[in-house]
$ cat query_11.txt   # compact mmCIF, C-alpha atoms
# COMPACT_ATOMS: atom_id res chain seq x y z
CA MET A 198 117.29 57.48 11.37
CA THR A 199 119.16 54.73 9.51
CA THR A 200 117.04 52.48 7.28
CA LEU A 201 117.51 48.87 6.24
CA ASP A 202 117.99 49.89 2.59
CA GLU A 203 120.82 52.23 3.64
CA LEU A 204 122.56 49.33 5.37
CA ARG A 205 122.08 46.89 2.47
CA ALA A 206 123.80 49.20 -0.04
CA ASP A 207 127.47 48.88 -0.98
CA ASP A 208 128.02 52.25 0.66
CA ASN A 209 126.54 51.02 3.94
CA ALA A 210 125.44 54.07 5.94
CA LEU A 211 126.98 52.80 9.17
CA ALA A 212 130.35 51.71 7.79
CA PRO A 213 131.98 55.19 7.93
CA HIS A 214 131.40 55.19 11.70
CA TYR A 215 133.67 52.12 11.95
CA SER A 216 136.68 53.42 10.05
CA ARG A 217 139.20 52.30 12.68
CA PHE A 218 138.09 48.69 12.15
CA ALA A 219 138.02 49.26 8.35
CA VAL A 220 134.74 47.38 8.04
CA ALA A 221 134.12 48.61 4.47
CA ASP A 222 137.36 47.01 3.29
CA ARG A 223 137.22 43.71 5.21
CA LEU A 224 134.91 40.71 5.24
CA LEU A 225 134.32 40.53 8.98
CA LEU A 226 131.85 37.69 9.42
CA SER A 227 133.08 36.97 12.94
CA GLY A 228 130.37 39.23 14.32
CA HIS A 229 128.93 36.57 16.59
CA SER A 230 132.24 36.40 18.41
CA HIS A 231 133.53 39.97 18.21
CA GLN A 232 131.81 42.80 16.37
CA ALA A 233 133.73 45.89 15.39
CA TRP A 234 133.55 48.90 17.68
CA PRO A 235 132.34 52.23 16.35
CA ASP A 236 135.00 54.92 16.24
CA VAL A 237 133.38 56.74 19.16
CA ALA A 238 134.46 53.89 21.45
CA GLU A 239 137.90 55.49 21.40
CA GLU A 240 136.38 58.69 22.77
CA GLY A 241 135.22 56.75 25.80
CA LEU A 242 138.67 55.30 26.41
CA LEU A 243 140.30 58.72 26.08
CA GLU A 244 137.76 60.20 28.48
CA SER A 245 138.58 57.56 31.08
CA PHE A 246 142.28 58.41 30.80
CA ALA A 247 141.58 62.13 31.03
CA ASP A 248 139.47 61.68 34.16
CA ALA A 249 142.16 59.58 35.81
CA ALA A 250 144.93 62.01 34.87
CA ARG A 251 142.99 65.00 36.17
CA ASP A 252 141.34 63.55 39.27
CA VAL A 253 143.65 60.65 40.24
CA ASP A 254 141.89 58.72 43.02
CA ALA A 255 138.99 61.16 42.95
CA LYS A 256 138.13 59.73 39.50
CA TRP A 257 135.85 57.16 41.11
CA GLU A 258 132.92 59.54 41.44
CA ARG A 259 132.91 59.93 37.66
CA ALA A 260 133.59 56.22 37.15
CA PHE A 261 130.64 55.23 39.33
CA ALA A 262 128.46 57.60 37.33
CA LYS A 263 129.51 55.77 34.16
CA ALA A 264 128.64 52.44 35.78
CA ASP A 265 125.19 53.78 36.62
CA GLU A 266 124.71 54.98 33.04
CA LEU A 267 125.78 51.58 31.73
CA ARG A 268 123.23 49.90 34.00
CA ALA A 269 120.57 52.29 32.74
CA GLY A 270 121.39 51.23 29.18
CA PHE A 271 120.97 47.58 30.08
CA ARG A 272 117.62 48.35 31.72
CA VAL A 273 116.42 49.95 28.49
CA LEU A 274 117.67 46.98 26.49
CA LEU A 275 115.72 44.54 28.68
CA GLY A 276 112.64 46.74 29.09
CA ASP A 277 113.30 46.60 32.81
CA PRO A 278 113.22 50.17 34.18
CA HIS A 279 113.29 49.20 37.86
CA GLY A 280 115.66 46.22 37.70
CA GLU A 281 118.84 45.93 39.74
CA TYR A 282 122.03 45.07 37.87
CA ALA A 283 125.38 43.83 39.12
CA LEU A 284 128.30 44.56 36.80
CA GLY A 285 131.33 42.38 36.19
CA ALA A 286 134.34 42.02 33.94
CA SER A 287 133.00 38.67 32.73
CA THR A 288 129.90 36.56 33.06
CA HIS A 289 132.04 34.01 34.87
CA ASP A 290 132.71 36.48 37.68
CA LEU A 291 128.98 37.02 38.02
CA VAL A 292 128.08 33.33 37.81
CA LEU A 293 130.52 32.60 40.64
CA ARG A 294 128.90 35.19 42.89
CA PHE A 295 125.46 33.86 42.03
CA LEU A 296 126.38 30.24 42.73
CA SER A 297 128.01 31.22 45.99
CA ALA A 298 124.65 32.60 47.15
CA MET A 299 122.94 29.25 46.63
CA GLU A 300 122.47 26.88 49.57
CA LEU A 301 124.14 24.00 47.76
CA PRO A 302 124.76 21.93 50.90
CA ARG A 303 120.98 21.91 51.49
CA ARG A 304 119.89 21.75 47.83
CA PRO A 305 122.88 20.22 46.01
CA ARG A 306 121.31 19.92 42.55
CA LEU A 307 121.68 22.14 39.48
CA VAL A 308 119.73 21.62 36.26
CA THR A 309 121.07 22.82 32.92
CA THR A 310 121.40 21.62 29.31
CA ASP A 311 124.17 19.84 27.44
CA GLY A 312 124.62 22.83 25.12
CA GLU A 313 125.56 25.72 27.39
CA PHE A 314 128.40 28.12 26.70
CA HIS A 315 131.77 27.34 28.30
CA THR A 316 131.22 29.76 31.19
CA LEU A 317 128.57 27.43 32.59
CA ARG A 318 129.80 24.16 31.07
CA ARG A 319 133.21 24.25 32.71
CA GLN A 320 132.25 25.68 36.10
CA LEU A 321 129.33 23.30 36.57
CA ALA A 322 131.52 20.35 35.57
CA ARG A 323 134.04 21.34 38.23
CA LEU A 324 131.33 21.66 40.87
CA GLU A 325 130.13 18.22 39.86
CA GLU A 326 133.58 16.84 40.67
CA GLU A 327 133.11 18.24 44.17
CA GLY A 328 129.81 16.45 44.76
CA VAL A 329 127.19 18.84 43.38
CA GLU A 330 124.64 16.98 41.27
CA VAL A 331 124.45 18.48 37.79
CA VAL A 332 121.60 17.36 35.52
CA ARG A 333 122.19 18.06 31.83
CA VAL A 334 119.09 17.90 29.67
CA PRO A 335 119.78 17.05 25.99
CA LEU A 336 119.20 19.98 23.64
CA ASP A 337 117.20 18.10 21.04
CA PRO A 338 114.39 18.46 20.34
CA VAL A 339 114.80 22.20 20.99
CA PRO A 340 111.05 23.03 20.80
CA THR A 341 110.48 21.01 23.99
CA LEU A 342 113.76 21.87 25.72
CA ALA A 343 112.35 24.28 28.33
CA GLU A 344 109.53 21.88 29.13
CA ARG A 345 111.96 18.98 29.57
CA VAL A 346 114.23 21.11 31.78
CA ALA A 347 111.21 22.04 33.93
CA ALA A 348 110.39 18.34 34.35
CA GLU A 349 113.80 17.76 35.96
CA VAL A 350 113.45 20.17 38.87
CA ASP A 351 112.75 18.74 42.31
CA GLY A 352 113.02 19.63 45.97
CA ASP A 353 116.82 19.31 45.92
CA THR A 354 117.23 21.70 43.00
CA ALA A 355 118.84 25.02 43.89
CA ALA A 356 118.94 26.56 40.43
CA VAL A 357 118.25 26.09 36.74
CA LEU A 358 120.71 27.60 34.25
CA VAL A 359 119.79 27.81 30.55
CA SER A 360 120.43 29.88 27.43
CA ALA A 361 117.99 32.01 25.47
CA VAL A 362 119.92 31.39 22.22
CA LEU A 363 122.09 28.31 21.73
CA PHE A 364 125.66 29.40 21.09
CA GLU A 365 126.57 26.67 18.58
CA THR A 366 123.46 26.52 16.41
CA SER A 367 121.87 29.99 16.82
CA ARG A 368 118.50 28.44 17.72
CA LEU A 369 116.16 30.34 20.01
CA VAL A 370 114.91 28.39 23.02
CA PRO A 371 111.11 28.67 23.33
CA GLY A 372 109.03 28.16 26.45
CA LEU A 373 111.17 30.07 28.93
CA ALA A 374 108.07 31.66 30.50
CA HIS A 375 106.76 28.21 31.39
CA LEU A 376 110.12 27.28 32.86
CA ALA A 377 110.12 30.51 34.88
CA ASP A 378 106.65 29.73 36.25
CA VAL A 379 107.72 26.25 37.34
CA CYS A 380 110.86 27.55 39.02
CA ARG A 381 109.00 30.34 40.79
CA GLY A 382 106.36 27.92 42.06
CA ARG A 383 109.04 25.73 43.66
CA SER A 384 111.30 28.56 44.93
CA ILE A 385 114.06 27.54 42.50
CA GLU A 386 116.34 30.18 40.99
CA LEU A 387 116.30 30.51 37.20
CA VAL A 388 119.32 31.95 35.38
CA VAL A 389 118.83 32.80 31.70
CA ASP A 390 122.00 33.42 29.69
CA ALA A 391 120.90 36.09 27.22
CA TYR A 392 124.38 36.98 25.95
CA HIS A 393 123.73 35.54 22.49
CA ALA A 394 120.37 37.28 22.19
CA LEU A 395 121.12 40.86 23.17
CA GLY A 396 121.44 43.12 20.15
CA VAL A 397 119.83 40.72 17.67
CA VAL A 398 116.76 39.38 19.49
CA PRO A 399 114.52 41.78 21.45
CA PHE A 400 114.57 40.62 25.06
CA ALA A 401 111.98 42.56 27.05
CA LEU A 402 111.75 40.66 30.34
CA HIS A 403 108.14 41.50 31.12
CA ASP A 404 106.95 40.39 27.68
CA LEU A 405 108.91 37.15 28.04
CA GLY A 406 107.57 36.36 31.51
CA LEU A 407 111.05 36.53 33.06
CA THR A 408 110.61 39.24 35.68
CA ASN A 409 111.56 36.79 38.44
CA ALA A 410 114.60 35.43 36.61
CA TRP A 411 118.28 36.21 36.87
CA VAL A 412 119.63 37.28 33.47
CA LEU A 413 123.24 37.10 32.35
CA GLY A 414 124.51 39.26 29.52
CA GLY A 415 127.34 41.33 28.16
CA GLY A 416 128.47 43.63 25.41
CA TYR A 417 131.35 41.79 23.77
CA LYS A 418 129.24 40.56 20.86
CA TYR A 419 126.30 42.27 19.20
CA LEU A 420 126.19 45.32 21.47
CA GLN A 421 129.75 46.32 20.41
CA LEU A 422 130.65 47.46 23.93
CA GLY A 423 133.90 45.51 24.06
CA GLU A 424 135.32 43.49 26.91
CA GLY A 425 134.58 44.11 30.58
CA ASN A 426 130.92 45.08 30.20
CA CYS A 427 128.94 42.16 31.60
CA PHE A 428 125.92 42.19 33.87
CA LEU A 429 123.76 40.03 36.06
CA ARG A 430 120.18 41.21 36.36
CA LEU A 431 118.82 40.48 39.84
CA PRO A 432 115.20 39.59 40.62
CA ALA A 433 113.65 41.43 43.55
CA HIS A 434 114.17 38.59 46.03
CA ALA A 435 117.94 38.69 45.42
CA GLN A 436 118.11 41.25 48.23
CA GLU A 437 117.55 38.36 50.64
CA LEU A 438 120.63 36.45 49.47
CA ARG A 439 124.20 36.67 50.75
CA PRO A 440 126.84 35.58 48.20
CA VAL A 441 129.84 33.89 49.80
CA ILE A 442 132.19 35.05 47.04
CA THR A 443 132.00 38.77 47.67
CA GLY A 444 134.28 41.76 47.18
CA TRP A 445 134.53 44.86 49.27
CA TYR A 446 132.53 46.86 46.73
CA ALA A 447 129.54 44.76 47.81
CA GLU A 448 129.85 46.59 51.13
CA PHE A 449 130.66 49.97 49.59
CA GLY A 450 127.24 51.42 50.23
CA ALA A 451 127.33 50.25 53.84
CA LEU A 452 130.91 51.14 54.84
CA ALA A 453 129.73 53.91 57.13
CA ASP A 454 127.17 51.70 58.87
CA GLU A 455 127.70 50.19 62.28
CA ARG A 456 129.70 46.94 62.13
CA HIS A 457 128.28 43.76 63.61
CA PRO A 458 130.97 41.19 64.50
CA GLY A 459 130.33 37.84 62.88
CA LYS A 460 127.90 39.29 60.32
CA VAL A 461 129.21 40.48 56.94
CA ALA A 462 127.30 43.49 55.67
CA TYR A 463 126.03 43.94 52.11
CA ALA A 464 125.01 46.95 50.10
CA THR A 465 121.54 47.09 48.60
CA GLY A 466 120.64 46.83 44.94
CA GLY A 467 122.96 45.45 42.31
CA ASP A 468 126.03 46.20 44.40
CA ARG A 469 125.01 43.32 46.67
CA PHE A 470 126.67 41.09 44.06
CA ALA A 471 129.58 43.42 43.34
CA GLY A 472 133.25 42.48 43.29
CA ALA A 473 136.16 44.75 44.09
CA THR A 474 138.33 47.43 42.45
CA TYR A 475 138.03 47.22 38.66
CA ASP A 476 139.23 48.97 35.51
CA PRO A 477 136.53 51.54 34.73
CA ALA A 478 137.79 52.20 31.18
CA SER A 479 135.48 49.50 29.82
CA HIS A 480 132.45 51.30 31.24
CA TYR A 481 133.47 54.59 29.62
CA ARG A 482 133.81 52.81 26.28
CA GLY A 483 130.53 50.94 26.77
CA VAL A 484 128.54 54.04 27.66
CA ARG A 485 129.82 55.93 24.62
CA VAL A 486 128.79 53.05 22.36
CA GLN A 487 125.37 52.83 23.99
CA ARG A 488 124.90 56.53 23.21
CA PHE A 489 125.99 55.88 19.61
CA PHE A 490 123.37 53.16 19.22
CA ALA A 491 120.71 55.59 20.50
CA GLU A 492 121.92 58.33 18.14
CA GLN A 493 121.76 55.98 15.14
CA GLY A 494 118.36 54.51 16.04
CA LEU A 495 119.84 51.03 16.54
CA THR A 496 116.99 49.76 18.68
CA PRO A 497 116.55 46.05 19.47
CA GLU A 498 113.61 45.90 17.07
CA PHE A 499 115.52 47.50 14.20
CA LEU A 500 118.61 45.39 14.83
CA ARG A 501 116.42 42.28 14.73
CA GLN A 502 115.10 43.38 11.34
CA VAL A 503 118.65 43.88 10.06
CA SER A 504 119.85 40.58 11.51
CA GLN A 505 117.00 38.56 10.04
CA HIS A 506 117.65 40.04 6.60
CA GLN A 507 121.37 39.33 6.80
CA VAL A 508 121.05 35.78 8.13
CA GLY A 509 118.39 35.09 5.51
CA LEU A 510 120.65 36.39 2.75
CA LEU A 511 123.55 34.24 3.92
CA ALA A 512 121.29 31.18 4.04
CA SER A 513 119.94 31.86 0.55
CA VAL A 514 123.40 32.25 -0.98
CA PHE A 515 124.64 29.14 0.82
CA ASP A 516 121.73 27.09 -0.53
CA SER A 517 122.42 28.32 -4.06
CA LEU A 518 125.97 26.96 -3.89
CA GLY A 519 124.79 23.34 -3.76
CA LEU A 520 127.77 22.21 -1.71
CA PRO A 521 128.23 18.54 -0.68
CA GLU A 522 126.26 17.91 2.49
CA ASP A 523 128.89 15.54 3.85
CA VAL A 524 131.27 18.53 3.83
CA VAL A 525 128.97 21.33 4.98
CA THR A 526 125.25 21.68 5.57
CA ARG A 527 122.75 23.76 7.52
CA ASP A 528 119.56 23.25 9.46
CA ARG A 529 116.74 23.89 6.99
CA GLU A 530 113.94 22.72 9.27
CA THR A 531 114.20 25.63 11.73
CA PRO A 532 112.54 28.81 10.40
CA LEU A 533 114.78 31.85 10.19
CA ASP A 534 112.67 33.66 12.78
CA ARG A 535 113.69 30.99 15.28
CA LEU A 536 117.37 31.80 14.83
CA GLY A 537 119.53 34.37 16.57
CA GLY A 538 122.15 36.58 14.95
CA PHE A 539 124.33 34.14 13.02
CA LEU A 540 124.14 31.33 10.47
CA SER A 541 125.55 28.08 11.79
CA LEU A 542 126.87 25.52 9.31
CA ARG A 543 127.60 21.95 10.37
CA CYS A 544 130.90 20.83 8.85
CA ALA A 545 133.12 17.78 8.64
CA ASP A 546 136.04 20.12 9.43
CA ALA A 547 134.75 23.46 10.74
CA ALA A 548 138.12 24.63 12.03
CA GLY A 549 139.78 23.78 8.73
CA LEU A 550 137.20 25.72 6.74
CA GLN A 551 137.54 28.67 9.11
CA ALA A 552 141.29 28.72 8.51
CA ALA A 553 140.87 28.39 4.74
CA LEU A 554 138.38 31.26 4.69
CA ALA A 555 140.72 33.41 6.78
CA ALA A 556 143.46 32.80 4.20
CA GLN A 557 141.06 34.27 1.62
CA GLY A 558 140.33 37.31 3.75
CA VAL A 559 137.01 36.14 5.23
CA ARG A 560 136.85 36.21 9.02
CA THR A 561 134.43 33.69 10.56
CA ASP A 562 134.57 31.63 13.72
CA SER A 563 133.91 28.02 14.66
CA ARG A 564 132.90 25.96 17.68
CA GLY A 565 133.27 22.20 17.47
CA SER A 566 131.64 20.98 14.28
CA TYR A 567 129.94 24.32 13.57
CA LEU A 568 131.24 27.08 11.30
CA ARG A 569 129.52 30.35 12.22
CA PHE A 570 128.91 33.24 9.82
CA GLY A 571 128.19 36.25 12.01
CA PRO A 572 127.00 39.34 10.09
CA ALA A 573 126.80 42.84 11.53
CA PRO A 574 124.79 45.95 10.60
CA TYR A 575 127.83 47.76 9.14
CA LEU A 576 128.24 45.11 6.38
CA SER A 577 126.63 45.47 2.95
CA ASP A 578 124.71 42.77 1.12
CA THR A 579 127.54 42.51 -1.41
CA GLN A 580 130.04 41.79 1.37
CA LEU A 581 127.82 39.04 2.77
CA GLU A 582 127.33 37.47 -0.64
CA THR A 583 131.07 37.62 -1.38
CA ALA A 584 131.95 36.00 1.93
CA MET A 585 129.56 33.10 1.42
CA ARG A 586 130.59 32.56 -2.19
CA THR A 587 134.19 32.40 -1.00
CA LEU A 588 133.18 29.39 1.09
CA GLY A 589 132.00 27.72 -2.11
CA LYS A 590 135.33 28.43 -3.82
CA VAL A 591 137.29 27.11 -0.85
CA ILE A 592 135.36 23.82 -0.91
CA THR A 593 135.11 23.25 -4.66
CA GLY A 594 138.53 24.64 -5.54

$ encode --input "query_11.txt" --output "structure tokens"
Amino acid sequence: MTTLDELRADDNALAPHYSRFAVADRLLLSGHSHQAWPDVAEEGLLESFADAARDVDAKWERAFAKADELRAGFRVLLGDPHGEYALGASTHDLVLRFLSAMELPRRPRLVTTDGEFHTLRRQLARLEEEGVEVVRVPLDPVPTLAERVAAEVDGDTAAVLVSAVLFETSRLVPGLAHLADVCRGRSIELVVDAYHALGVVPFALHDLGLTNAWVLGGGYKYLQLGEGNCFLRLPAHAQELRPVITGWYAEFGALADERHPGKVAYATGGDRFAGATYDPASHYRGVRVQRFFAEQGLTPEFLRQVSQHQVGLLASVFDSLGLPEDVVTRDRETPLDRLGGFLSLRCADAAGLQAALAAQGVRTDSRGSYLRFGPAPYLSDTQLETAMRTLGKVITG
């Protein structure tokens, strides 16, 4: 079992498992956008090729088994042993299928915030152009955000779509259980985007009061599963809904059933919101990485402990630099335990600083006016300190 002290050391205990990404020799602080994959991810990709080469079209039995194992991993992650999960190449694919199941002509109102990730921001803006009413609740003050969102729902509201962790600032959104209660009481669907929480913030649905919520997530970031491993967790009543945007895999479990003209059939469970033929290689890779996390004891609780230490260290080093606040600053009012897995710095020129850091060998990422330092468990304390001190050198010359 890996310990926090073993990860803090210069010879980080996990780093050798990421040799293909050379994490011990690089300052990869872009972990909020794209974490390195463990070497075993390649085993998954090779296995997918071997299955296809051997079985050709008969590979799908093995591929579907991988999909089921991936779903099982997501259930463990969300403490949701009986949940149904639809899989998709991206969260956008899944959001489209969800929205197509809403009766928007009858309830043409969607409530969200003005700080959602681009998947929701762009698609909801386009729907707004077509006549759907979209209410965007201002993020600040974050402590009352869920309560203010709840106050906006009415009889015309079909769904509420919010994040668990804000993608620009790393702030956790409190009060989601209250929001879920309000939505449930008015038969309004609640979608919680948990992508930026999974792998750094424990997200047990029952503990959070979100058993009746839809939950979006994926493995591109902290879970290290790579692209193509996204999910939509369905509440029990989802079996009553009929998405308009639907692929033939959503009928896969019912292909042998009697056809009824004028009535499109749907499979049960998560496949009700399935798409069509997909590349299963991502699931092979994802399953192998999920197994690796289990082997290394990388539980949500332990990863939260690691993340809080690393974000705290980055914040402490940044504060010690005493940099001009009109150039770069951070939120010092929000306690570290109310942050997700990265340190967000507000900058006069975030993109420029990101480029300057990259020229010095420090990989970060930026969104708008925010420069994001995203640590990962395979990085040592010395690497984190060096990366942040490089920011000081870039600014002060």

$ closest_residue --input "query_11.txt" --among "A:Ala343, A:Val514, A:Ala262, A:Val398" --to "Glu498 of chain A" --atoms "all atoms listed in the file"
A:Val398

$ atom_distance --input "query_11.txt" --atom1 "atom CA of Arg323 of chain A" --atom2 "atom CA of Gly467 of chain A"
26.8 Å

$ residues_around --input "query_11.txt" --residues "segment 404-419 of chain A" --least-positions-apart "3" --cutoff "8 Å" --atoms "only C-alpha atoms" --output "JSON, numbers by chain"
{"A": [228, 229, 230, 231, 232, 287, 288, 373, 374, 377, 381, 386, 387, 388, 389, 390, 391, 392, 393, 395, 396, 397, 400, 401, 422, 423, 424, 425, 426, 427, 428, 429, 430, 431, 432, 433, 483, 573]}

$ write_last_selection --input "query_11.txt" --atoms "C-alpha atoms" --output "mmCIF file, in the coordinates of the input"
data_model
loop_
_atom_site.group_PDB
_atom_site.id
_atom_site.type_symbol
_atom_site.label_atom_id
_atom_site.label_comp_id
_atom_site.auth_asym_id
_atom_site.auth_seq_id
_atom_site.Cartn_x
_atom_site.Cartn_y
_atom_site.Cartn_z
ATOM 1 C CA GLY A 228 130.370 39.230 14.320
ATOM 2 C CA HIS A 229 128.930 36.570 16.590
ATOM 3 C CA SER A 230 132.240 36.400 18.410
ATOM 4 C CA HIS A 231 133.530 39.970 18.210
ATOM 5 C CA GLN A 232 131.810 42.800 16.370
ATOM 6 C CA SER A 287 133.000 38.670 32.730
ATOM 7 C CA THR A 288 129.900 36.560 33.060
ATOM 8 C CA LEU A 373 111.170 30.070 28.930
ATOM 9 C CA ALA A 374 108.070 31.660 30.500
ATOM 10 C CA ALA A 377 110.120 30.510 34.880
ATOM 11 C CA ARG A 381 109.000 30.340 40.790
ATOM 12 C CA GLU A 386 116.340 30.180 40.990
ATOM 13 C CA LEU A 387 116.300 30.510 37.200
ATOM 14 C CA VAL A 388 119.320 31.950 35.380
ATOM 15 C CA VAL A 389 118.830 32.800 31.700
ATOM 16 C CA ASP A 390 122.000 33.420 29.690
ATOM 17 C CA ALA A 391 120.900 36.090 27.220
ATOM 18 C CA TYR A 392 124.380 36.980 25.950
ATOM 19 C CA HIS A 393 123.730 35.540 22.490
ATOM 20 C CA LEU A 395 121.120 40.860 23.170
ATOM 21 C CA GLY A 396 121.440 43.120 20.150
ATOM 22 C CA VAL A 397 119.830 40.720 17.670
ATOM 23 C CA PHE A 400 114.570 40.620 25.060
ATOM 24 C CA ALA A 401 111.980 42.560 27.050
ATOM 25 C CA LEU A 422 130.650 47.460 23.930
ATOM 26 C CA GLY A 423 133.900 45.510 24.060
ATOM 27 C CA GLU A 424 135.320 43.490 26.910
ATOM 28 C CA GLY A 425 134.580 44.110 30.580
ATOM 29 C CA ASN A 426 130.920 45.080 30.200
ATOM 30 C CA CYS A 427 128.940 42.160 31.600
ATOM 31 C CA PHE A 428 125.920 42.190 33.870
ATOM 32 C CA LEU A 429 123.760 40.030 36.060
ATOM 33 C CA ARG A 430 120.180 41.210 36.360
ATOM 34 C CA LEU A 431 118.820 40.480 39.840
ATOM 35 C CA PRO A 432 115.200 39.590 40.620
ATOM 36 C CA ALA A 433 113.650 41.430 43.550
ATOM 37 C CA GLY A 483 130.530 50.940 26.770
ATOM 38 C CA ALA A 573 126.800 42.840 11.530
#

$ residues_around --input "query_11.txt" --residues "Ser367 of chain A" --least-positions-apart "2" --cutoff "9 Å" --atoms "all atoms listed in the file" --output "list of chain:residue names"
A:Val362, A:Leu363, A:Phe364, A:Glu365, A:Leu369, A:His393, A:Arg535, A:Leu536, A:Gly537, A:Gly538, A:Phe539, A:Leu540, A:Ser541, A:Arg569

$ residues_around --input "query_11.txt" --residues "Gly472 of chain A" --least-positions-apart "3" --cutoff "6 Å" --atoms "all atoms listed in the file" --output "ChimeraX atom specification"
/A:443-444,446

$ atom_distance --input "query_11.txt" --atom1 "atom CA of Arg368 of chain A" --atom2 "atom CA of Asp277 of chain A"
24.2 Å

$ atom_distance --input "query_11.txt" --atom1 "atom CA of Gly241 of chain A" --atom2 "atom CA of Tyr481 of chain A"
4.7 Å

$ residues_around --input "query_11.txt" --residues "Glu239 of chain A" --least-positions-apart "6" --cutoff "10 Å" --atoms "only C-alpha atoms" --output "list in words"
Arg217, Ser245, Tyr481, Arg482, Arg485 and Val486 of chain A

$ axis_aligned_box --input "query_11.txt" --around "segment 579-584 of chain A" --padding-each-side "4 Å" --output "AutoDock Vina command-line options"
--center_x 129.6 --center_y 39.3 --center_z 0.7 --size_x 12.6 --size_y 14.5 --size_z 12.2

$ residues_around --input "query_11.txt" --residues "Asp523 of chain A" --least-positions-apart "5" --cutoff "10 Å" --atoms "all atoms listed in the file" --output "list in words"
Arg543, Cys544 and Ala545 of chain A

$ decode --input "query_11.txt" --residues "segment 375-380 of chain A" --atoms "all heavy atoms" --output "PDB file, in the first residue's frame"
ATOM      1  N   HIS A 375     -29.474  19.824  -0.936  1.00  0.00           N
ATOM      2  CA  HIS A 375     -30.663  20.681  -0.883  1.00  0.00           C
ATOM      3  C   HIS A 375     -31.224  20.894  -2.281  1.00  0.00           C
ATOM      4  O   HIS A 375     -32.449  20.808  -2.489  1.00  0.00           O
ATOM      5  CB  HIS A 375     -30.304  22.033  -0.259  1.00  0.00           C
ATOM      6  CG  HIS A 375     -31.347  23.082  -0.448  1.00  0.00           C
ATOM      7  ND1 HIS A 375     -32.574  23.045   0.185  1.00  0.00           N
ATOM      8  CD2 HIS A 375     -31.372  24.196  -1.247  1.00  0.00           C
ATOM      9  CE1 HIS A 375     -33.303  24.093  -0.194  1.00  0.00           C
ATOM     10  NE2 HIS A 375     -32.595  24.805  -1.054  1.00  0.00           N
ATOM     11  N   LEU A 376     -30.359  21.156  -3.225  1.00  0.00           N
ATOM     12  CA  LEU A 376     -30.803  21.347  -4.607  1.00  0.00           C
ATOM     13  C   LEU A 376     -31.485  20.082  -5.128  1.00  0.00           C
ATOM     14  O   LEU A 376     -32.515  20.144  -5.805  1.00  0.00           O
ATOM     15  CB  LEU A 376     -29.611  21.716  -5.488  1.00  0.00           C
ATOM     16  CG  LEU A 376     -29.877  21.922  -6.977  1.00  0.00           C
ATOM     17  CD1 LEU A 376     -30.929  23.005  -7.204  1.00  0.00           C
ATOM     18  CD2 LEU A 376     -28.578  22.275  -7.701  1.00  0.00           C
ATOM     19  N   ALA A 377     -30.910  18.922  -4.796  1.00  0.00           N
ATOM     20  CA  ALA A 377     -31.510  17.652  -5.227  1.00  0.00           C
ATOM     21  C   ALA A 377     -32.892  17.467  -4.628  1.00  0.00           C
ATOM     22  O   ALA A 377     -33.824  16.999  -5.308  1.00  0.00           O
ATOM     23  CB  ALA A 377     -30.595  16.493  -4.831  1.00  0.00           C
ATOM     24  N   ASP A 378     -33.065  17.834  -3.365  1.00  0.00           N
ATOM     25  CA  ASP A 378     -34.373  17.713  -2.719  1.00  0.00           C
ATOM     26  C   ASP A 378     -35.412  18.600  -3.401  1.00  0.00           C
ATOM     27  O   ASP A 378     -36.548  18.179  -3.636  1.00  0.00           O
ATOM     28  CB  ASP A 378     -34.273  18.086  -1.244  1.00  0.00           C
ATOM     29  CG  ASP A 378     -33.556  17.035  -0.416  1.00  0.00           C
ATOM     30  OD1 ASP A 378     -33.450  15.883  -0.891  1.00  0.00           O
ATOM     31  OD2 ASP A 378     -33.097  17.369   0.687  1.00  0.00           O
ATOM     32  N   VAL A 379     -35.025  19.826  -3.724  1.00  0.00           N
ATOM     33  CA  VAL A 379     -35.947  20.747  -4.385  1.00  0.00           C
ATOM     34  C   VAL A 379     -36.343  20.214  -5.758  1.00  0.00           C
ATOM     35  O   VAL A 379     -37.528  20.226  -6.130  1.00  0.00           O
ATOM     36  CB  VAL A 379     -35.311  22.148  -4.503  1.00  0.00           C
ATOM     37  CG1 VAL A 379     -36.160  23.059  -5.386  1.00  0.00           C
ATOM     38  CG2 VAL A 379     -35.134  22.760  -3.122  1.00  0.00           C
ATOM     39  N   CYS A 380     -35.371  19.737  -6.507  1.00  0.00           N
ATOM     40  CA  CYS A 380     -35.652  19.209  -7.843  1.00  0.00           C
ATOM     41  C   CYS A 380     -36.548  17.979  -7.771  1.00  0.00           C
ATOM     42  O   CYS A 380     -37.516  17.853  -8.541  1.00  0.00           O
ATOM     43  CB  CYS A 380     -34.358  18.876  -8.570  1.00  0.00           C
ATOM     44  SG  CYS A 380     -33.387  20.320  -9.066  1.00  0.00           S
TER      45      CYS A 380
END
